[in-house]
Amino acid sequence: MWEEPRVGRLAAWGNALLAGLVSPDDAVTGAVDDDAAHRVVGVPGESGPVGLTLALGRLRALGAVGLRIALPAPGHPLGLSGPPAFNEAALVAGEAVVVVGPALGLVPEVSEVGPPGDVLTEVVWRVFEVRQGPPADVPSLGEAERELGQALRDATEALTLLDVAGSGPVAEAALAAYRARMERGRQVLAPGYPPRAMRVLELADRVAALVGIAEVSEPVGAVSAAEIARRDALLRPVERAARRARVASYNAYAEDLERQRAE
């Protein structure tokens, strides 16, 4: 649950490319990461699928100056502004990219091919028309940071109260994987982002990790269905706060850009 969203990688490295801070090759490498291949379908002026390098270049030629992300969930259209076709596709995927400039958005379709142990992940980004307008429920970085601080306290209290943190082999494996990823020191965001955005995203990942570990834990003291339901109810707003903070972090570049243009 706390893995870096693909839309986050595409937006962060796409923004670095649009700002002239990285080369096209570096931007595509950062966006693709461990996936086997990314293709884009529906790019204006292109009749078939194209690679990310060409797609990003075409978007820049169309007037793209930045990229935002959306991380919607049922009942929470976080980062979306319509129309229904785009919102529905984004909700199914759980994520989307919105282009600042031309009224376009991209939604990923992820597929895995190959035998067990040698699985390759391929991504097709589908381009949609989007409605220009304020994205739904996206906080400022300051708001997100304050909300996350409270969410982290709530998550810790909830897990302690319900005696689920770190319980069970599945939770232990999840916690070990999270710690290993942190020790590898993966790069957070991409060149051009303010330090506060990186700090908020790191905290959001930490909060999301706690929630994810709790969701796969076997309760020790809380064994009834009612108590498990209570755990889920306590964690739901914490997960929501982490998603809001992630969107605010990845969108910080576009927010700063729009403030500069308004001055």
# chains A, B, ... in the order shown; residues from 1 in each chain; ligands from 1
>>> residues_around(residues="Ala242 of chain A", least_positions_apart="2", cutoff="6 Å", atoms="only C-alpha atoms", output="list of chain:residue names")
A:Ala204, A:Ala208, A:Glu239, A:Arg240, A:Arg244, A:Ala245
>>> select_by_dssp(residues="segment 109-146 of chain A", states="strand (DSSP E or B)", output="VMD selection string")
chain A and resid 109 to 113 120 to 129
>>> write_last_selection(atoms="C-alpha atoms", output="PDB file, in the first residue's frame")
ATOM      1  CA  GLU A 109      -3.608   0.159 -17.168  1.00  0.00           C
ATOM      2  CA  VAL A 110      -1.194  -2.321 -15.616  1.00  0.00           C
ATOM      3  CA  SER A 111      -0.691  -5.899 -16.809  1.00  0.00           C
ATOM      4  CA  GLU A 112       1.735  -8.655 -15.847  1.00  0.00           C
ATOM      5  CA  VAL A 113       3.111 -11.232 -18.264  1.00  0.00           C
ATOM      6  CA  LEU A 120       7.231  -8.502 -16.319  1.00  0.00           C
ATOM      7  CA  THR A 121       5.013  -5.515 -15.626  1.00  0.00           C
ATOM      8  CA  GLU A 122       3.784  -3.507 -18.588  1.00  0.00           C
ATOM      9  CA  VAL A 123       1.859  -0.229 -18.378  1.00  0.00           C
ATOM     10  CA  VAL A 124      -0.381   1.385 -20.970  1.00  0.00           C
ATOM     11  CA  TRP A 125      -1.309   5.006 -20.280  1.00  0.00           C
ATOM     12  CA  ARG A 126      -4.614   6.058 -21.865  1.00  0.00           C
ATOM     13  CA  VAL A 127      -5.125   9.731 -22.645  1.00  0.00           C
ATOM     14  CA  PHE A 128      -8.497  11.318 -21.797  1.00  0.00           C
ATOM     15  CA  GLU A 129      -9.960  14.768 -22.157  1.00  0.00           C
TER      16      GLU A 129
END
>>> atom_distance(atom1="atom CA of Leu189 of chain A", atom2="atom CA of His38 of chain A")
19.0 Å
>>> residues_around(residues="Arg9 of chain A", least_positions_apart="6", cutoff="8 Å", atoms="only C-alpha atoms", output="CSV table (one decimal) with all heavy atoms, in the first residue's frame")
chain,number,residue,atom,x,y,z
A,30,GLY,N,13.3,7.3,-14.7
A,30,GLY,CA,12.7,7.5,-13.4
A,30,GLY,C,11.2,7.2,-13.3
A,30,GLY,O,10.8,6.6,-12.4
A,31,ALA,N,10.5,7.4,-14.4
A,31,ALA,CA,9.1,7.1,-14.5
A,31,ALA,C,8.8,5.7,-14.6
A,31,ALA,O,7.9,5.1,-13.9
A,31,ALA,CB,8.4,7.9,-15.6
A,32,VAL,N,9.6,5.0,-15.4
A,32,VAL,CA,9.4,3.5,-15.6
A,32,VAL,C,9.8,2.7,-14.4
A,32,VAL,O,9.2,1.7,-14.1
A,32,VAL,CB,10.1,3.1,-16.9
A,32,VAL,CG1,10.0,1.6,-17.1
A,32,VAL,CG2,9.4,3.8,-18.1
A,189,LEU,N,10.6,11.8,-4.8
A,189,LEU,CA,10.3,12.8,-5.8
A,189,LEU,C,11.4,12.9,-6.9
A,189,LEU,O,12.1,11.9,-7.2
A,189,LEU,CB,10.0,14.1,-5.1
A,189,LEU,CG,8.7,14.1,-4.3
A,189,LEU,CD1,8.6,15.5,-3.5
A,189,LEU,CD2,7.5,13.9,-5.1
>>> closest_residue(among="A:Ser249, A:Gln150, A:Gln260, A:Ser81", to="Val207 of chain A", atoms="only C-alpha atoms")
A:Gln150
>>> decode(residues="segment 17-33 of chain A", atoms="N, CA and C atoms", output="PDB file, in the first residue's frame")
ATOM      1  N   LEU A  17      11.434  17.054 -16.244  1.00  0.00           N
ATOM      2  CA  LEU A  17      11.743  17.201 -17.665  1.00  0.00           C
ATOM      3  C   LEU A  17      11.206  18.521 -18.205  1.00  0.00           C
ATOM      4  N   LEU A  18       9.947  18.842 -17.869  1.00  0.00           N
ATOM      5  CA  LEU A  18       9.343  20.082 -18.359  1.00  0.00           C
ATOM      6  C   LEU A  18      10.095  21.307 -17.843  1.00  0.00           C
ATOM      7  N   ALA A  19      10.709  21.180 -16.666  1.00  0.00           N
ATOM      8  CA  ALA A  19      11.472  22.293 -16.098  1.00  0.00           C
ATOM      9  C   ALA A  19      12.889  22.365 -16.656  1.00  0.00           C
ATOM     10  N   GLY A  20      13.273  21.367 -17.476  1.00  0.00           N
ATOM     11  CA  GLY A  20      14.613  21.356 -18.034  1.00  0.00           C
ATOM     12  C   GLY A  20      15.679  20.912 -17.057  1.00  0.00           C
ATOM     13  N   LEU A  21      15.280  20.176 -16.003  1.00  0.00           N
ATOM     14  CA  LEU A  21      16.232  19.766 -14.974  1.00  0.00           C
ATOM     15  C   LEU A  21      16.822  18.385 -15.219  1.00  0.00           C
ATOM     16  N   VAL A  22      16.176  17.600 -16.082  1.00  0.00           N
ATOM     17  CA  VAL A  22      16.690  16.269 -16.414  1.00  0.00           C
ATOM     18  C   VAL A  22      16.533  16.055 -17.917  1.00  0.00           C
ATOM     19  N   SER A  23      17.259  15.089 -18.439  1.00  0.00           N
ATOM     20  CA  SER A  23      17.145  14.744 -19.854  1.00  0.00           C
ATOM     21  C   SER A  23      15.922  13.862 -20.077  1.00  0.00           C
ATOM     22  N   PRO A  24      15.437  13.765 -21.310  1.00  0.00           N
ATOM     23  CA  PRO A  24      14.321  12.849 -21.601  1.00  0.00           C
ATOM     24  C   PRO A  24      14.622  11.414 -21.180  1.00  0.00           C
ATOM     25  N   ASP A  25      15.832  10.952 -21.415  1.00  0.00           N
ATOM     26  CA  ASP A  25      16.179   9.580 -21.027  1.00  0.00           C
ATOM     27  C   ASP A  25      16.101   9.383 -19.520  1.00  0.00           C
ATOM     28  N   ASP A  26      16.615  10.347 -18.766  1.00  0.00           N
ATOM     29  CA  ASP A  26      16.571  10.233 -17.305  1.00  0.00           C
ATOM     30  C   ASP A  26      15.133  10.297 -16.793  1.00  0.00           C
ATOM     31  N   ALA A  27      14.317  11.147 -17.410  1.00  0.00           N
ATOM     32  CA  ALA A  27      12.922  11.265 -16.996  1.00  0.00           C
ATOM     33  C   ALA A  27      12.177   9.953 -17.213  1.00  0.00           C
ATOM     34  N   VAL A  28      12.381   9.337 -18.361  1.00  0.00           N
ATOM     35  CA  VAL A  28      11.700   8.075 -18.658  1.00  0.00           C
ATOM     36  C   VAL A  28      12.206   6.969 -17.740  1.00  0.00           C
ATOM     37  N   THR A  29      13.498   6.932 -17.484  1.00  0.00           N
ATOM     38  CA  THR A  29      14.049   5.926 -16.571  1.00  0.00           C
ATOM     39  C   THR A  29      13.441   6.064 -15.182  1.00  0.00           C
ATOM     40  N   GLY A  30      13.314   7.301 -14.699  1.00  0.00           N
ATOM     41  CA  GLY A  30      12.714   7.522 -13.387  1.00  0.00           C
ATOM     42  C   GLY A  30      11.247   7.155 -13.344  1.00  0.00           C
ATOM     43  N   ALA A  31      10.522   7.437 -14.417  1.00  0.00           N
ATOM     44  CA  ALA A  31       9.092   7.145 -14.456  1.00  0.00           C
ATOM     45  C   ALA A  31       8.809   5.655 -14.579  1.00  0.00           C
ATOM     46  N   VAL A  32       9.593   4.967 -15.383  1.00  0.00           N
ATOM     47  CA  VAL A  32       9.358   3.534 -15.618  1.00  0.00           C
ATOM     48  C   VAL A  32       9.823   2.704 -14.432  1.00  0.00           C
ATOM     49  N   ASP A  33      10.945   3.061 -13.829  1.00  0.00           N
ATOM     50  CA  ASP A  33      11.478   2.371 -12.665  1.00  0.00           C
ATOM     51  C   ASP A  33      11.693   0.887 -12.977  1.00  0.00           C
TER      52      ASP A  33
END
